[in-house]
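Just query38.tsv here, TSV, C-alpha atoms and all ligand atoms:
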```tsv
chain	number	residue	atom	x	y	z
A	1	ARG	CA	8.45	13.05	4.16
A	2	ILE	CA	9.92	10.07	5.98
A	3	THR	CA	8.02	10.93	9.15
A	4	GLU	CA	4.78	11.32	7.21
A	5	LEU	CA	5.16	7.89	5.61
A	6	ASP	CA	6.29	6.35	8.89
A	7	SER	CA	3.28	7.65	10.77
A	8	ILE	CA	0.98	6.23	8.08
A	9	CYS	CA	2.76	2.86	7.95
A	10	LEU	CA	3.06	2.62	11.73
A	11	LYS	CA	-0.72	2.73	11.98
A	12	ALA	CA	-0.90	-0.46	9.97
A	13	GLU	CA	0.94	-3.74	9.88
A	14	VAL	CA	-1.26	-4.71	6.98
A	15	ILE	CA	-2.43	-2.47	4.14
A	16	PRO	CA	-5.32	-3.91	2.12
A	17	VAL	CA	-4.78	-3.36	-1.61
A	18	LEU	CA	-8.12	-2.74	-3.28
A	19	ALA	CA	-9.28	-2.82	-6.88
A	20	ILE	CA	-12.84	-1.48	-6.66
A	21	GLU	CA	-15.04	-2.58	-9.54
A	22	ARG	CA	-18.35	-1.02	-8.44
A	23	VAL	CA	-18.19	2.46	-7.01
A	24	GLU	CA	-21.08	1.68	-4.61
A	25	ASP	CA	-18.85	-0.91	-2.91
A	26	ALA	CA	-16.20	1.65	-1.95
A	27	VAL	CA	-17.66	2.99	1.28
A	28	PRO	CA	-19.11	-0.23	2.77
A	29	LEU	CA	-15.93	-2.10	1.87
A	30	GLY	CA	-13.65	0.58	3.28
A	31	ARG	CA	-15.80	0.88	6.39
A	32	ALA	CA	-15.64	-2.89	7.01
A	33	LEU	CA	-11.83	-2.85	6.81
A	34	VAL	CA	-11.50	0.19	9.05
A	35	GLU	CA	-13.97	-1.19	11.61
A	36	GLY	CA	-11.98	-4.41	11.57
A	37	GLY	CA	-8.93	-2.39	12.60
A	38	LEU	CA	-7.10	-1.77	9.31
A	39	THR	CA	-7.10	1.99	8.93
A	40	VAL	CA	-4.64	2.40	6.06
A	41	LEU	CA	-5.94	1.41	2.61
A	42	GLU	CA	-4.42	1.42	-0.86
A	43	VAL	CA	-6.92	1.87	-3.67
A	44	THR	CA	-5.41	1.00	-7.03
A	45	LEU	CA	-6.10	2.87	-10.26
A	46	ARG	CA	-6.85	-0.43	-11.96
A	47	THR	CA	-10.57	0.11	-12.38
A	48	ASP	CA	-12.59	2.82	-14.10
A	49	CYS	CA	-14.25	4.06	-10.94
A	50	ALA	CA	-11.09	4.16	-8.79
A	51	LEU	CA	-10.77	7.96	-8.52
A	52	GLU	CA	-14.44	8.41	-7.67
A	53	ALA	CA	-14.15	5.56	-5.15
A	54	ILE	CA	-11.23	7.35	-3.45
A	55	ARG	CA	-13.17	10.61	-3.35
A	56	ARG	CA	-16.05	8.85	-1.59
A	57	LEU	CA	-13.76	6.99	0.82
A	58	LYS	CA	-12.00	10.22	1.82
A	59	GLU	CA	-15.33	11.85	2.59
A	60	ALA	CA	-16.91	8.91	4.42
A	61	LEU	CA	-13.88	7.73	6.41
A	62	PRO	CA	-11.87	10.77	7.51
A	63	GLN	CA	-10.15	8.68	10.20
A	64	ALA	CA	-8.59	6.37	7.57
A	65	SER	CA	-5.44	7.01	5.52
A	66	ILE	CA	-6.17	6.44	1.86
A	67	GLY	CA	-3.32	5.80	-0.53
A	68	VAL	CA	-3.69	5.72	-4.28
A	69	GLY	CA	-1.94	2.73	-5.83
A	70	THR	CA	-0.83	1.64	-9.30
A	71	VAL	CA	0.23	5.20	-10.11
A	72	LEU	CA	2.25	4.91	-13.32
A	73	THR	CA	2.70	8.52	-14.45
A	74	PRO	CA	3.02	12.04	-13.04
A	75	ALA	CA	-0.43	12.78	-14.55
A	76	GLN	CA	-1.98	10.03	-12.41
A	77	TYR	CA	-0.01	11.32	-9.44
A	78	ARG	CA	-1.63	14.75	-9.94
A	79	GLN	CA	-5.07	13.17	-10.16
A	80	SER	CA	-4.35	11.38	-6.89
A	81	GLU	CA	-3.47	14.70	-5.23
A	82	GLN	CA	-6.74	16.17	-6.51
A	83	VAL	CA	-8.91	13.46	-4.96
A	84	GLY	CA	-7.23	13.89	-1.59
A	85	ALA	CA	-4.79	10.98	-1.48
A	86	ASP	CA	-2.84	10.72	1.77
A	87	PHE	CA	-0.03	8.96	-0.09
A	88	VAL	CA	0.77	7.55	-3.50
A	89	VAL	CA	2.09	4.07	-4.25
A	90	THR	CA	3.77	3.04	-7.50
A	91	PRO	CA	4.40	-0.53	-8.66
A	92	GLY	CA	7.77	0.44	-10.15
A	93	THR	CA	9.66	3.64	-10.74
A	94	THR	CA	10.57	6.01	-13.51
A	95	GLU	CA	12.82	9.06	-13.34
A	96	ALA	CA	9.72	11.18	-14.05
A	97	LEU	CA	7.87	9.76	-11.05
A	98	TYR	CA	10.86	10.06	-8.75
A	99	ARG	CA	11.26	13.67	-9.81
A	100	TYR	CA	7.59	14.54	-9.54
A	101	GLY	CA	7.31	12.87	-6.13
A	102	ILE	CA	9.85	15.13	-4.47
A	103	THR	CA	7.92	18.25	-5.48
A	104	SER	CA	4.48	16.93	-4.50
A	105	PRO	CA	2.76	17.70	-1.20
A	106	VAL	CA	1.62	14.04	-1.14
A	107	PRO	CA	4.36	11.55	-0.22
A	108	MET	CA	5.16	8.65	-2.52
A	109	LEU	CA	6.02	5.07	-1.68
A	110	PRO	CA	7.94	4.03	-4.79
A	111	GLY	CA	7.88	0.41	-5.87
A	112	VAL	CA	11.27	-1.27	-6.26
A	113	ALA	CA	12.35	-4.85	-6.86
A	114	THR	CA	16.11	-4.45	-7.27
A	115	VAL	CA	19.06	-2.78	-5.56
A	116	SER	CA	19.58	-0.56	-8.61
A	117	GLU	CA	16.06	0.86	-8.43
A	118	LEU	CA	16.57	1.33	-4.73
A	119	MET	CA	19.84	3.17	-5.33
A	120	THR	CA	18.18	5.51	-7.82
A	121	GLY	CA	15.43	6.30	-5.33
A	122	TRP	CA	18.00	6.75	-2.58
A	123	GLN	CA	19.79	9.39	-4.68
A	124	TYR	CA	16.53	11.33	-4.99
A	125	GLY	CA	16.12	11.22	-1.22
A	126	TYR	CA	13.59	8.40	-0.90
A	127	ARG	CA	13.99	6.21	2.19
A	128	ARG	CA	10.71	4.26	2.27
A	129	PHE	CA	9.74	1.88	-0.54
A	130	LYS	CA	7.21	-0.66	-1.64
A	131	PHE	CA	8.91	-3.98	-2.43
A	132	PHE	CA	6.98	-5.34	-5.40
A	133	PRO	CA	6.32	-8.03	-6.51
A	134	ALA	CA	7.66	-9.31	-3.19
A	135	GLU	CA	7.37	-13.06	-3.50
A	136	ALA	CA	8.35	-13.15	-7.17
A	137	SER	CA	11.37	-10.89	-6.55
A	138	GLY	CA	13.06	-12.96	-3.90
A	139	GLY	CA	10.82	-12.33	-0.90
A	140	VAL	CA	12.27	-12.36	2.60
A	141	LYS	CA	15.73	-13.34	1.34
A	142	ALA	CA	15.92	-10.36	-1.01
A	143	LEU	CA	14.90	-7.94	1.73
A	144	LYS	CA	17.53	-9.36	4.06
A	145	ALA	CA	20.10	-8.88	1.31
A	146	PHE	CA	18.98	-5.24	0.69
A	147	ALA	CA	19.77	-4.53	4.34
A	148	GLY	CA	23.45	-5.19	3.61
A	149	PRO	CA	24.26	-2.23	1.33
A	150	ILE	CA	21.32	0.03	2.37
A	151	PRO	CA	20.33	-0.83	5.96
A	152	GLU	CA	18.39	2.42	6.49
A	153	ALA	CA	15.81	1.72	3.76
A	154	ARG	CA	12.41	0.50	4.98
A	155	PHE	CA	9.88	-1.46	2.94
A	156	CYS	CA	6.25	-2.37	2.56
A	157	PRO	CA	6.39	-5.66	0.66
A	158	THR	CA	3.37	-6.57	-1.46
A	159	GLY	CA	2.66	-9.14	-4.12
A	160	GLY	CA	2.06	-12.69	-2.98
A	161	ILE	CA	1.67	-11.87	0.71
A	162	SER	CA	-0.97	-13.70	2.72
A	163	LEU	CA	-1.76	-14.73	6.28
A	164	ASP	CA	0.72	-17.58	5.83
A	165	ASN	CA	3.85	-15.55	5.11
A	166	ALA	CA	3.09	-12.04	6.44
A	167	GLU	CA	4.72	-12.84	9.76
A	168	ASP	CA	8.04	-13.76	8.11
A	169	TYR	CA	8.17	-10.35	6.45
A	170	LEU	CA	7.04	-8.40	9.51
A	171	ALA	CA	9.82	-10.01	11.54
A	172	LEU	CA	12.46	-8.26	9.40
A	173	LYS	CA	14.01	-5.07	10.72
A	174	ASN	CA	13.61	-3.26	7.41
A	175	VAL	CA	9.91	-4.07	6.99
A	176	MET	CA	7.38	-1.48	8.25
A	177	CYS	CA	4.18	-3.19	7.13
A	178	VAL	CA	2.92	-5.52	4.41
A	179	GLY	CA	0.25	-5.03	1.76
A	180	GLY	CA	-2.00	-7.34	-0.16
A	181	SER	CA	-5.28	-8.14	-1.80
A	182	TRP	CA	-6.01	-11.20	0.32
A	183	LEU	CA	-8.18	-9.16	2.71
A	184	THR	CA	-10.71	-8.42	0.02
A	185	PRO	CA	-11.43	-11.73	-1.75
A	186	LYS	CA	-13.55	-11.26	-4.85
A	187	SER	CA	-16.11	-13.80	-3.64
A	188	LEU	CA	-16.86	-11.76	-0.49
A	189	VAL	CA	-16.89	-8.43	-2.34
A	190	ASP	CA	-19.20	-9.74	-5.07
A	191	ALA	CA	-21.53	-11.12	-2.41
A	192	GLU	CA	-21.36	-7.76	-0.56
A	193	ASP	CA	-20.38	-9.76	2.51
A	194	TRP	CA	-19.06	-6.80	4.50
A	195	ASN	CA	-19.26	-8.74	7.77
A	196	GLY	CA	-16.98	-11.37	6.29
A	197	ILE	CA	-14.50	-8.68	5.24
A	198	ARG	CA	-14.68	-7.04	8.66
A	199	GLN	CA	-13.87	-10.42	10.20
A	200	LEU	CA	-10.84	-10.94	7.93
A	201	ALA	CA	-9.57	-7.47	8.76
A	202	LYS	CA	-10.06	-8.10	12.47
A	203	GLU	CA	-8.08	-11.34	12.34
A	204	ALA	CA	-5.21	-9.65	10.51
A	205	ALA	CA	-5.26	-6.59	12.79
A	206	GLN	CA	-5.15	-8.74	15.92
A	207	ARG	CA	-2.59	-11.19	14.67
A	208	PHE	CA	-0.13	-8.64	13.39
A	209	HIS	CA	-0.47	-5.96	16.03
A	210	HIS	CA	2.78	-4.00	16.49
A	301	LIG	C1	-0.19	-4.74	-5.44
A	301	LIG	O1	-0.29	-3.96	-6.37
A	301	LIG	O2	0.28	-4.41	-4.36
A	301	LIG	C2	-0.56	-6.16	-5.66
A	301	LIG	O3	-1.38	-6.36	-6.73
A	301	LIG	C3	-1.06	-6.87	-4.47
A	301	LIG	O4	-0.57	-8.13	-4.61
A	301	LIG	P1	-1.40	-9.42	-4.20
A	301	LIG	O5	-2.64	-9.41	-5.05
A	301	LIG	O6	-0.49	-10.58	-4.52
A	301	LIG	O7	-1.70	-9.30	-2.74
```

Would you mind giving the structure from this file in structure tokens?
Amino acid sequence: RITELDSICLKAEVIPVLAIERVEDAVPLGRALVEGGLTVLEVTLRTDCALEAIRRLKEALPQASIGVGTVLTPAQYRQSEQVGADFVVTPGTTEALYRYGITSPVPMLPGVATVSELMTGWQYGYRRFKFFPAEASGGVKALKAFAGPIPEARFCPTGGISLDNAEDYLALKNVMCVGGSWLTPKSLVDAEDWNGIRQLAKEAAQRFHH
């Protein structure tokens, strides 16, 4: 479980978080990010076509790792398994999700914002977490503080991360990678400017190389 998540997160300093509005955008958008050097993507279940978009991405980009994000319930977790998710990301946690996640063949990156949520996940055996919403929940300072009581936990912070502050997070010992929507600005996606997206991905991939 931990090794699976580590091998996915180690491939990427930066995980683009996508909310795909038009299913036809999925493959060209995903391809632009992967060609730019970002090979781990999180596609959120925030749009109607998300599951179909993930199905298409899995087929078109077998070299990429596709996570399903914004999973709120075990039912959505099961749907994510069915479309071939490589991992599942949740914005927060419930006992039901924690319990379902340990039985699933697809690993989960549970979202936590507090030490208590972290402790609950720890009891269930989770060691890798999403820290969300990172900036609003104390950012770099909070993560440094988490390392006091639970130094072995590792995080992917998301929420308010951009080119400007990603480096500060990636410098922390307990941060594996960062995630964010800044790599897929709505203006570029609406204009189908896949070259522009590829360029953004390239800059991030080069700047934050392990
Ligand atoms: C997420 O679910 O990870 C966030 O919506 C991404 O946050 P951002 O839009 O602030 O990057």

List every residue of chain A that has an atom at most 9 Å from any atom of ligand LIG 301 (chain A), and for each one report the closest atom pair and its distance in Å to one decimal, counting all atoms listed in the file, with rows sorted by chain and then by increasing residue number, as a tab-separated table.
```
residue	atom	partner	partner_atom	distance
A:Pro16	CA	A:LIG301	O7	8.1
A:Val17	CA	A:LIG301	O2	5.9
A:Leu18	CA	A:LIG301	C3	8.3
A:Ala19	CA	A:LIG301	O3	8.7
A:Glu42	CA	A:LIG301	O2	8.3
A:Thr44	CA	A:LIG301	O1	7.2
A:Gly69	CA	A:LIG301	O1	6.9
A:Thr70	CA	A:LIG301	O1	6.3
A:Val89	CA	A:LIG301	O1	8.6
A:Thr90	CA	A:LIG301	O1	8.2
A:Pro91	CA	A:LIG301	O1	6.2
A:Lys130	CA	A:LIG301	O2	8.3
A:Phe131	CA	A:LIG301	O2	8.9
A:Phe132	CA	A:LIG301	O2	6.8
A:Pro133	CA	A:LIG301	O4	7.1
A:Ala134	CA	A:LIG301	O6	8.4
A:Glu135	CA	A:LIG301	O6	8.3
A:Pro157	CA	A:LIG301	O2	8.0
A:Thr158	CA	A:LIG301	O2	4.8
A:Gly159	CA	A:LIG301	O4	3.4
A:Gly160	CA	A:LIG301	O6	3.7
A:Ile161	CA	A:LIG301	O7	5.5
A:Ser162	CA	A:LIG301	O7	7.1
A:Gly179	CA	A:LIG301	O2	6.2
A:Gly180	CA	A:LIG301	O7	3.3
A:Ser181	CA	A:LIG301	O7	3.9
A:Trp182	CA	A:LIG301	O7	5.6
A:Leu183	CA	A:LIG301	O7	8.5
```

List as a ChimeraX atom specification the residues having at least one atom at most 12 Å from position (-5.2, -3.6, 7.3) as given in the file, counting all atoms listed in the file. /A:8-18,30-42,64-66,162-163,166,177-184,197-209

Near Ala50 of chain A, counting only C-alpha atoms, which residues have an atom at most 10 Å away, once you skip same-chain residues fewer than 5 positions from it, shown as a ChimeraX atom specification? /A:18-23,26,43-45,55-56,68-69

Smallest atom-to-atom distance to Asp86 of chain A: which of A:Arg46, A:Pro74, A:Trp122, A:Glu4, using only C-alpha atoms?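 Distance minimum relative to Asp86 of chain A lands on A:Glu4.
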
Distance criterion (only C-alpha atoms): nearest to Leu29 of chain A out of A:Leu188, A:Leu72, A:Leu170, A:Val140: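 Counting only C-alpha atoms, the residue closest to Leu29 of chain A is A:Leu188.
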
Provide the atom CA of Tyr77 of chain A to atom CA of Leu143 of chain A distance in Å, to one decimal place.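 Distance between the two atoms: 26.8 Å.
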
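You will find atom CA of Gly125 of chain A at 19.0 Å from atom CA of Thr73 of chain A.
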
Have a look at atom CA of Arg127 of chain A and atom CA of Val83 of chain A and let me know their distance in Å, one decimal.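 A separation of 25.1 Å between them.
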
Nearest to Phe87 of chain A: which of A:Ile102, A:Arg128, A:Glu117, A:Leu5 is it, counting all atoms listed in the file?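 Nearest to Phe87 of chain A: A:Leu5.
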
Would you please work out which residue, of A:Asp168, A:Asp193, A:Asp6, A:Glu52, is nearest to Gln82 of chain A when using all atoms listed in the file?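 Among the listed residues, A:Glu52 lies closest to Gln82 of chain A.
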
Set the distance at 12 Å and use only C-alpha atoms: which residues neighbour Gln123 of chain A once local chain neighbours fewer than 5 positions away are removed? I'd like the list as a PyMOL selection string. chain A and resi 95+98-99+102+116-118+150

Residue rebuild result segment 96-116 of chain A, N, CA and C atoms as an mmCIF file, in the frame of the given file:
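Here's the written file result-v2.cif:
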```cif
data_model
loop_
_atom_site.group_PDB
_atom_site.id
_atom_site.type_symbol
_atom_site.label_atom_id
_atom_site.label_comp_id
_atom_site.auth_asym_id
_atom_site.auth_seq_id
_atom_site.Cartn_x
_atom_site.Cartn_y
_atom_site.Cartn_z
ATOM 1 N N ALA A 96 10.773 10.142 -14.099
ATOM 2 C CA ALA A 96 9.720 11.180 -14.050
ATOM 3 C C ALA A 96 8.941 11.099 -12.744
ATOM 4 N N LEU A 97 8.615 9.900 -12.305
ATOM 5 C CA LEU A 97 7.870 9.760 -11.050
ATOM 6 C C LEU A 97 8.730 10.150 -9.854
ATOM 7 N N TYR A 98 9.970 9.696 -9.855
ATOM 8 C CA TYR A 98 10.860 10.060 -8.750
ATOM 9 C C TYR A 98 10.976 11.573 -8.648
ATOM 10 N N ARG A 99 11.089 12.217 -9.818
ATOM 11 C CA ARG A 99 11.260 13.670 -9.810
ATOM 12 C C ARG A 99 9.975 14.368 -9.373
ATOM 13 N N TYR A 100 8.862 13.902 -9.910
ATOM 14 C CA TYR A 100 7.590 14.540 -9.540
ATOM 15 C C TYR A 100 7.323 14.369 -8.040
ATOM 16 N N GLY A 101 7.611 13.179 -7.534
ATOM 17 C CA GLY A 101 7.310 12.870 -6.130
ATOM 18 C C GLY A 101 7.979 13.796 -5.139
ATOM 19 N N ILE A 102 9.181 14.268 -5.465
ATOM 20 C CA ILE A 102 9.850 15.130 -4.470
ATOM 21 C C ILE A 102 9.281 16.546 -4.455
ATOM 22 N N THR A 103 8.525 16.912 -5.480
ATOM 23 C CA THR A 103 7.920 18.250 -5.480
ATOM 24 C C THR A 103 6.477 18.217 -4.966
ATOM 25 N N SER A 104 5.903 17.031 -4.840
ATOM 26 C CA SER A 104 4.480 16.930 -4.500
ATOM 27 C C SER A 104 4.251 17.072 -3.003
ATOM 28 N N PRO A 105 3.105 17.657 -2.629
ATOM 29 C CA PRO A 105 2.760 17.700 -1.200
ATOM 30 C C PRO A 105 2.351 16.327 -0.664
ATOM 31 N N VAL A 106 2.058 15.384 -1.561
ATOM 32 C CA VAL A 106 1.620 14.040 -1.140
ATOM 33 C C VAL A 106 2.807 13.087 -1.257
ATOM 34 N N PRO A 107 3.176 12.413 -0.171
ATOM 35 C CA PRO A 107 4.360 11.550 -0.220
ATOM 36 C C PRO A 107 4.141 10.296 -1.072
ATOM 37 N N MET A 108 5.231 9.827 -1.657
ATOM 38 C CA MET A 108 5.160 8.650 -2.520
ATOM 39 C C MET A 108 5.926 7.485 -1.904
ATOM 40 N N LEU A 109 5.340 6.316 -2.038
ATOM 41 C CA LEU A 109 6.020 5.070 -1.680
ATOM 42 C C LEU A 109 6.359 4.396 -3.005
ATOM 43 N N PRO A 110 7.602 4.570 -3.472
ATOM 44 C CA PRO A 110 7.940 4.030 -4.790
ATOM 45 C C PRO A 110 8.157 2.526 -4.753
ATOM 46 N N GLY A 111 7.708 1.858 -5.797
ATOM 47 C CA GLY A 111 7.880 0.410 -5.870
ATOM 48 C C GLY A 111 9.235 0.053 -6.459
ATOM 49 N N VAL A 112 9.976 -0.795 -5.747
ATOM 50 C CA VAL A 112 11.270 -1.270 -6.260
ATOM 51 C C VAL A 112 11.340 -2.791 -6.092
ATOM 52 N N ALA A 113 12.133 -3.402 -6.971
ATOM 53 C CA ALA A 113 12.350 -4.850 -6.860
ATOM 54 C C ALA A 113 13.830 -5.186 -6.872
ATOM 55 N N THR A 114 14.673 -4.191 -7.170
ATOM 56 C CA THR A 114 16.110 -4.450 -7.270
ATOM 57 C C THR A 114 16.918 -3.395 -6.519
ATOM 58 N N VAL A 115 18.180 -3.722 -6.248
ATOM 59 C CA VAL A 115 19.060 -2.780 -5.560
ATOM 60 C C VAL A 115 19.296 -1.537 -6.427
ATOM 61 N N SER A 116 19.345 -1.718 -7.739
ATOM 62 C CA SER A 116 19.580 -0.560 -8.610
ATOM 63 C C SER A 116 18.444 0.447 -8.528
#
```
